[in-house]
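Report on one structure; see the data block that follows.
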Amino acid sequence: MKPRRRRVVLSLEQALSLPHATLRFVHKGWRVIRIEPTPAGAALPGDPNRYIGKRIVGEDRRSYFIAQNVGKEAIALDLKNPQGQRLLHRIVEALDVDVFCCNTLPRRHRQLGIDYETLSAVKPDLVWAGISAMGPEYPDAPGYDPAMQAMVGFMELTGARDGPPMLSGVPLIDLKAGDDVYAEVMAALLEREETGQGRQIHVSMLQSAASWLVTTMPLLNFDCDPSEIGRAGNEHRKFIPTNAYPTADGFVFVAIGNDLQWKRLTQIPKFAGLARETRQTQEGRQQERASIHAEIAGITRRYTRAELMEDFRRATIPHAPIQTIAQVAAMEPVARKMSTSTMPDGRTIRLQPPAVDLDRPAHFAFPPRYGEHTASVLREAGVDDAECARLAASGVVSLGQPDPG
């Protein structure tokens with residue numbers, strides 16, 4: 001059988017959302033080349049995320065940049081310059097690029113020569129995918145996860161009932177939009193196998209996030225109580241009791257999802273006093289929500305977490321300790337699935353696991369320094385060393401800085 005050609009993804013990317021999407025292509029074994037702008041004025045060059053967090057290697061590979069950019073190449077082009085745009089088109093054609101991605105403002109697509117119409121004229125079967133705040137109909141809207149969490153109602157759903165709105169501890173909208181790009185690109189490539197045609201994909205962070213409001217937004221149709229679509233703290237809005245309960249040495253999370261689990265809970269001697277005729281159904285427990293939570297907390301705080309968890313395990317009650325990130329990293333099911341990379345000094349670092357098991361080792365090259373692969377990628381596109389030097393001297397491309405070693 002003829003070996004399958006390695007897919008090539010060219011991505012004008014920065015921040016988190018699109019780099020998260022293209023990392024998933026790296027996990028598939030595809031070649032991902034990230035494009036960053038050439039230096040402008042006194043600003044630090046390239047993706048601003050290069051300069052966030054603790055310095056890891058040199059100035060441009062700090063801690064916040066590492067995890068989502070392993071296994072990639074990096075080139076720097078001035079796409080405001082027509083020469084830079086022509087170079088991009090040469091690269092698309094010469095490297096037989098399968099997928100082009102970007103997460104710049106939609107109003108800039110045509111200005112930079114990266115719009116679908118322009119690039120598909122260079123390569124008709126190209127799959128083009130862009131992430132923006134609200135789609136191309138709102139070309140000037142910036143998309144930042146915290147602001148989008150506020151706009152799309154996530155903050156209204158997060159936090160204590162009587163407290164202020166809160167951000168999620170994870171950048172959910174960035175990651176959701178990135179995963180949607182990954183899924184839609186996969187679907188487009190599958191279609192291309194049948195039709196030979198490329199496709200344009202626009203992922204709106206707002207729409208992507210709103211699609212997750214499946215347990216709240218539809219309730220507007222049914223004269224819902226405000227408590228059904230507002231903040232609930234650690235409780236579940238429907239399944240009672242579900243909450244984080246205090247113990248003698250911390251907290252334990254308990255999730256009762258149906259009437260049978262409630263019955264099993266009340267059969268544990270410690271919790272037998274919770275049983276009431278009126279509480280046998282979810283509807284009945286909903287009416288006594290506050291008193292049930294208070295009674296359970298009064299019981300759990302008298303026992304250690306380990307003792308309670310053993311009771312719940314024996315009764316097959318869904319429960320979990322509330323763990324730190326370090327504790328999660330130490331869990332055997334997580335630790336053995338982690339991806340890894342090797343730093344320039346030879347140390348191996350452990351990163352988050354891939355979303356699903358891979359059919360290859362989950363070890364990836366350390367993230368590239370700014371402009372590290374500009375010269376080598378241009379050579380593949382037929383640009384000789386003399387022309388490359390001229391382009392660098394004129395600011396059309398940047399070759400970056402040598403590795404600090």
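Chain labels run A, B, ... following the order of the structure tokens; each chain numbers its residues from 1, and ligands are numbered from 1 in the order shown.
Residues surrounding A:Ala21 within 6 Å are A:Gly178, A:Asp179, A:Tyr182 [only C-alpha atoms; sequence separation below 4 positions excluded].
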Write the selection just made, keeping all heavy atoms, as a PDB file, in the first residue's frame?
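The resulting again.pdb:
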ATOM      1  N   GLY A 178     -11.322  26.198  19.213  1.00  0.00           N
ATOM      2  CA  GLY A 178     -10.231  25.441  18.611  1.00  0.00           C
ATOM      3  C   GLY A 178     -10.639  24.028  18.268  1.00  0.00           C
ATOM      4  O   GLY A 178     -10.310  23.505  17.187  1.00  0.00           O
ATOM      5  N   ASP A 179     -11.362  23.377  19.157  1.00  0.00           N
ATOM      6  CA  ASP A 179     -11.833  22.025  18.877  1.00  0.00           C
ATOM      7  C   ASP A 179     -12.816  22.008  17.711  1.00  0.00           C
ATOM      8  O   ASP A 179     -12.856  21.051  16.921  1.00  0.00           O
ATOM      9  CB  ASP A 179     -12.480  21.417  20.119  1.00  0.00           C
ATOM     10  CG  ASP A 179     -11.461  20.892  21.124  1.00  0.00           C
ATOM     11  OD1 ASP A 179     -10.280  20.709  20.751  1.00  0.00           O
ATOM     12  OD2 ASP A 179     -11.837  20.658  22.289  1.00  0.00           O
ATOM     13  N   TYR A 182     -10.827  22.076  14.539  1.00  0.00           N
ATOM     14  CA  TYR A 182     -10.278  20.738  14.303  1.00  0.00           C
ATOM     15  C   TYR A 182     -11.337  19.822  13.694  1.00  0.00           C
ATOM     16  O   TYR A 182     -11.099  19.155  12.675  1.00  0.00           O
ATOM     17  CB  TYR A 182      -9.771  20.165  15.624  1.00  0.00           C
ATOM     18  CG  TYR A 182      -9.337  18.724  15.566  1.00  0.00           C
ATOM     19  CD1 TYR A 182      -8.109  18.362  15.022  1.00  0.00           C
ATOM     20  CD2 TYR A 182     -10.159  17.711  16.073  1.00  0.00           C
ATOM     21  CE1 TYR A 182      -7.715  17.037  14.971  1.00  0.00           C
ATOM     22  CE2 TYR A 182      -9.763  16.387  16.021  1.00  0.00           C
ATOM     23  CZ  TYR A 182      -8.551  16.051  15.476  1.00  0.00           C
ATOM     24  OH  TYR A 182      -8.158  14.730  15.432  1.00  0.00           O
TER      25      TYR A 182
END
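The shell of residues at most 7 Å from stretch 283-293 of chain A, with only C-alpha atoms counted and near chain neighbours (fewer than 4 positions) removed, consists of Ile240, Pro241, Thr278, Arg279 and Ala297 of chain A.
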Dump all heavy atoms for the selected residues as a PDB file, in the first residue's frame?
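Output file out_32.pdb follows:
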ATOM      1  N   ILE A 240     -30.570  16.789  42.464  1.00  0.00           N
ATOM      2  CA  ILE A 240     -30.442  17.088  43.888  1.00  0.00           C
ATOM      3  C   ILE A 240     -30.287  15.781  44.661  1.00  0.00           C
ATOM      4  O   ILE A 240     -31.108  14.868  44.472  1.00  0.00           O
ATOM      5  CB  ILE A 240     -31.706  17.823  44.413  1.00  0.00           C
ATOM      6  CG1 ILE A 240     -32.110  18.962  43.476  1.00  0.00           C
ATOM      7  CG2 ILE A 240     -31.478  18.318  45.836  1.00  0.00           C
ATOM      8  CD1 ILE A 240     -31.098  20.041  43.343  1.00  0.00           C
ATOM      9  N   PRO A 241     -29.266  15.672  45.511  1.00  0.00           N
ATOM     10  CA  PRO A 241     -28.218  16.643  45.809  1.00  0.00           C
ATOM     11  C   PRO A 241     -26.973  16.411  44.957  1.00  0.00           C
ATOM     12  O   PRO A 241     -26.501  15.285  44.820  1.00  0.00           O
ATOM     13  CB  PRO A 241     -27.915  16.358  47.277  1.00  0.00           C
ATOM     14  CG  PRO A 241     -28.147  14.882  47.414  1.00  0.00           C
ATOM     15  CD  PRO A 241     -29.264  14.541  46.465  1.00  0.00           C
ATOM     16  N   THR A 278     -41.299  12.650  50.904  1.00  0.00           N
ATOM     17  CA  THR A 278     -41.333  13.738  49.914  1.00  0.00           C
ATOM     18  C   THR A 278     -40.057  13.841  49.086  1.00  0.00           C
ATOM     19  O   THR A 278     -40.039  14.532  48.066  1.00  0.00           O
ATOM     20  CB  THR A 278     -41.552  15.077  50.632  1.00  0.00           C
ATOM     21  OG1 THR A 278     -40.521  15.257  51.615  1.00  0.00           O
ATOM     22  CG2 THR A 278     -42.917  15.109  51.307  1.00  0.00           C
ATOM     23  N   ARG A 279     -38.989  13.172  49.522  1.00  0.00           N
ATOM     24  CA  ARG A 279     -37.701  13.302  48.851  1.00  0.00           C
ATOM     25  C   ARG A 279     -37.380  12.127  47.932  1.00  0.00           C
ATOM     26  O   ARG A 279     -36.261  12.032  47.428  1.00  0.00           O
ATOM     27  CB  ARG A 279     -36.583  13.448  49.897  1.00  0.00           C
ATOM     28  CG  ARG A 279     -36.690  14.718  50.742  1.00  0.00           C
ATOM     29  CD  ARG A 279     -35.627  14.751  51.822  1.00  0.00           C
ATOM     30  NE  ARG A 279     -35.640  16.020  52.558  1.00  0.00           N
ATOM     31  CZ  ARG A 279     -34.827  16.303  53.560  1.00  0.00           C
ATOM     32  NH1 ARG A 279     -33.933  15.409  53.965  1.00  0.00           N
ATOM     33  NH2 ARG A 279     -34.911  17.474  54.173  1.00  0.00           N
ATOM     34  N   ALA A 297     -24.375  18.552  54.580  1.00  0.00           N
ATOM     35  CA  ALA A 297     -23.153  19.216  55.056  1.00  0.00           C
ATOM     36  C   ALA A 297     -22.981  19.003  56.555  1.00  0.00           C
ATOM     37  O   ALA A 297     -21.850  18.810  57.037  1.00  0.00           O
ATOM     38  CB  ALA A 297     -23.207  20.705  54.733  1.00  0.00           C
TER      39      ALA A 297
END
Determine, counting only C-alpha atoms, which protein, DNA and RNA residues have an atom within 7 Å of an atom of A:Leu351; residues of the same chain fewer than 3 positions away are not included. Present the result as number ranges by chain.
-> A: 67, 338-340
How would the residues just picked look written out with C-alpha atoms as a PDB file, in the first residue's frame?
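What follows is the written file again-v7.pdb:
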ATOM      1  CA  ALA A  67       2.277  23.469  25.685  1.00  0.00           C
ATOM      2  CA  MET A 338       0.852  12.725  29.202  1.00  0.00           C
ATOM      3  CA  SER A 339       2.538  14.124  26.144  1.00  0.00           C
ATOM      4  CA  THR A 340       6.188  15.106  26.432  1.00  0.00           C
TER       5      THR A 340
END
Near-A:Lys270 list (12 Å; only C-alpha atoms; drop same-chain fewer than 5 positions) as a ChimeraX atom specification | /A:264-265,275,295-303,307-308,311-312
Output for the residues just chosen: all heavy atoms as a CSV table (one decimal), in the first residue's frame:
chain,number,residue,atom,x,y,z
A,264,ARG,N,-29.9,4.8,47.5
A,264,ARG,CA,-28.6,4.1,47.9
A,264,ARG,C,-27.9,5.0,49.0
A,264,ARG,O,-27.3,4.6,49.9
A,264,ARG,CB,-27.7,3.8,46.8
A,264,ARG,CG,-28.3,2.7,45.9
A,264,ARG,CD,-27.2,2.0,45.1
A,264,ARG,NE,-26.5,2.9,44.2
A,264,ARG,CZ,-26.7,3.0,42.9
A,264,ARG,NH1,-27.7,2.2,42.3
A,264,ARG,NH2,-26.0,3.8,42.1
A,265,LEU,N,-28.0,6.4,48.7
A,265,LEU,CA,-27.4,7.3,49.7
A,265,LEU,C,-28.0,7.2,51.1
A,265,LEU,O,-27.4,7.1,52.1
A,265,LEU,CB,-27.5,8.7,49.2
A,265,LEU,CG,-26.9,9.8,50.1
A,265,LEU,CD1,-25.4,9.7,50.3
A,265,LEU,CD2,-27.3,11.2,49.6
A,275,ALA,N,-33.8,10.4,54.7
A,275,ALA,CA,-34.9,9.8,54.0
A,275,ALA,C,-36.2,10.5,54.4
A,275,ALA,O,-36.5,10.6,55.6
A,275,ALA,CB,-34.9,8.3,54.2
A,295,GLU,N,-28.5,19.6,55.5
A,295,GLU,CA,-28.4,18.4,56.3
A,295,GLU,C,-27.2,17.5,55.9
A,295,GLU,O,-26.5,17.0,56.8
A,295,GLU,CB,-29.7,17.6,56.1
A,295,GLU,CG,-30.9,18.3,56.8
A,295,GLU,CD,-32.2,17.6,56.5
A,295,GLU,OE1,-32.2,16.3,56.4
A,295,GLU,OE2,-33.2,18.3,56.2
A,296,ILE,N,-27.0,17.4,54.6
A,296,ILE,CA,-25.8,16.6,54.2
A,296,ILE,C,-24.5,17.2,54.7
A,296,ILE,O,-23.6,16.5,55.2
A,296,ILE,CB,-25.8,16.5,52.7
A,296,ILE,CG1,-27.0,15.6,52.2
A,296,ILE,CG2,-24.5,15.8,52.2
A,296,ILE,CD1,-27.1,15.5,50.7
A,297,ALA,N,-24.4,18.6,54.6
A,297,ALA,CA,-23.2,19.2,55.1
A,297,ALA,C,-23.0,19.0,56.6
A,297,ALA,O,-21.8,18.8,57.0
A,297,ALA,CB,-23.2,20.7,54.7
A,298,GLY,N,-24.1,19.0,57.3
A,298,GLY,CA,-24.0,18.7,58.7
A,298,GLY,C,-23.5,17.4,59.1
A,298,GLY,O,-22.8,17.1,60.1
A,299,ILE,N,-23.8,16.4,58.2
A,299,ILE,CA,-23.3,15.0,58.4
A,299,ILE,C,-21.8,14.9,57.9
A,299,ILE,O,-21.0,14.4,58.7
A,299,ILE,CB,-24.2,14.0,57.6
A,299,ILE,CG1,-25.6,14.0,58.2
A,299,ILE,CG2,-23.6,12.6,57.7
A,299,ILE,CD1,-26.6,13.3,57.3
A,300,THR,N,-21.5,15.4,56.7
A,300,THR,CA,-20.2,15.1,56.2
A,300,THR,C,-19.1,15.8,56.9
A,300,THR,O,-18.0,15.2,57.0
A,300,THR,CB,-20.1,15.6,54.7
A,300,THR,OG1,-20.5,17.0,54.6
A,300,THR,CG2,-21.1,14.8,53.8
A,301,ARG,N,-19.3,16.9,57.5
A,301,ARG,CA,-18.3,17.6,58.2
A,301,ARG,C,-17.8,16.9,59.5
A,301,ARG,O,-16.8,17.2,60.1
A,301,ARG,CB,-18.6,19.0,58.6
A,301,ARG,CG,-19.8,19.2,59.5
A,301,ARG,CD,-19.9,20.7,60.0
A,301,ARG,NE,-19.8,21.6,58.9
A,301,ARG,CZ,-20.8,22.3,58.3
A,301,ARG,NH1,-22.0,22.0,58.6
A,301,ARG,NH2,-20.5,23.1,57.3
A,302,ARG,N,-18.5,15.8,59.9
A,302,ARG,CA,-18.1,15.1,61.1
A,302,ARG,C,-17.2,13.9,60.7
A,302,ARG,O,-16.7,13.3,61.7
A,302,ARG,CB,-19.4,14.5,61.8
A,302,ARG,CG,-20.4,15.6,62.2
A,302,ARG,CD,-21.3,15.0,63.3
A,302,ARG,NE,-22.0,13.8,62.9
A,302,ARG,CZ,-23.3,13.8,62.4
A,302,ARG,NH1,-23.9,14.9,62.2
A,302,ARG,NH2,-23.9,12.7,62.1
A,303,TYR,N,-17.0,13.7,59.5
A,303,TYR,CA,-16.2,12.5,59.1
A,303,TYR,C,-15.0,12.9,58.1
A,303,TYR,O,-15.1,14.0,57.5
A,303,TYR,CB,-17.1,11.5,58.4
A,303,TYR,CG,-18.2,11.0,59.2
A,303,TYR,CD1,-19.5,11.6,59.1
A,303,TYR,CD2,-18.0,10.0,60.1
A,303,TYR,CE1,-20.5,11.1,59.9
A,303,TYR,CE2,-19.1,9.5,60.9
A,303,TYR,CZ,-20.3,10.1,60.8
A,303,TYR,OH,-21.4,9.7,61.6
A,307,GLU,N,-13.1,8.3,54.8
A,307,GLU,CA,-14.2,7.5,55.3
A,307,GLU,C,-15.5,7.6,54.5
A,307,GLU,O,-16.1,6.7,54.1
A,307,GLU,CB,-14.5,7.8,56.7
A,307,GLU,CG,-15.5,6.9,57.4
A,307,GLU,CD,-15.7,7.2,58.9
A,307,GLU,OE1,-15.0,8.1,59.4
A,307,GLU,OE2,-16.6,6.6,59.5
A,308,LEU,N,-15.8,8.9,54.1
A,308,LEU,CA,-17.0,9.1,53.3
A,308,LEU,C,-16.9,8.5,51.9
A,308,LEU,O,-17.8,7.9,51.4
A,308,LEU,CB,-17.3,10.6,53.2
A,308,LEU,CG,-17.7,11.3,54.5
A,308,LEU,CD1,-17.5,12.8,54.5
A,308,LEU,CD2,-19.2,10.9,54.8
A,311,ASP,N,-17.6,4.9,51.9
A,311,ASP,CA,-19.0,4.6,52.0
A,311,ASP,C,-19.6,4.8,50.6
A,311,ASP,O,-20.5,4.0,50.1
A,311,ASP,CB,-19.7,5.6,52.9
A,311,ASP,CG,-19.4,5.3,54.4
A,311,ASP,OD1,-19.1,4.1,54.7
A,311,ASP,OD2,-19.5,6.2,55.2
A,312,PHE,N,-19.3,5.9,49.9
A,312,PHE,CA,-19.9,6.2,48.6
A,312,PHE,C,-19.4,5.1,47.6
A,312,PHE,O,-20.2,4.7,46.7
A,312,PHE,CB,-19.5,7.6,48.1
A,312,PHE,CG,-20.0,8.7,49.0
A,312,PHE,CD1,-19.2,9.8,49.2
A,312,PHE,CD2,-21.2,8.6,49.6
A,312,PHE,CE1,-19.6,10.9,50.0
A,312,PHE,CE2,-21.6,9.7,50.5
A,312,PHE,CZ,-20.8,10.8,50.6
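Distances here use only C-alpha atoms; by that measure, the residue among A:Thr342, A:Thr38, A:Gln327, A:Asn103 closest to A:Ala393 is A:Thr38.
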Would you return as a PyMOL selection string the members of stretch 159-322 of chain A that DSSP assigns to alpha helix (DSSP H) on this structure's backbone?
-> chain A and resi 172-195+205-210+259-266+282-287+289-300+305-314
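Considering only C-alpha atoms, the residue among A:Arg24, A:Arg34, A:Arg61, A:His363 positioned nearest to A:Ile75 is A:Arg34.
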Sel. of strand (DSSP E) residues, stretch 164-211 of chain A, as a PyMOL selection string | chain A and resi 199-204
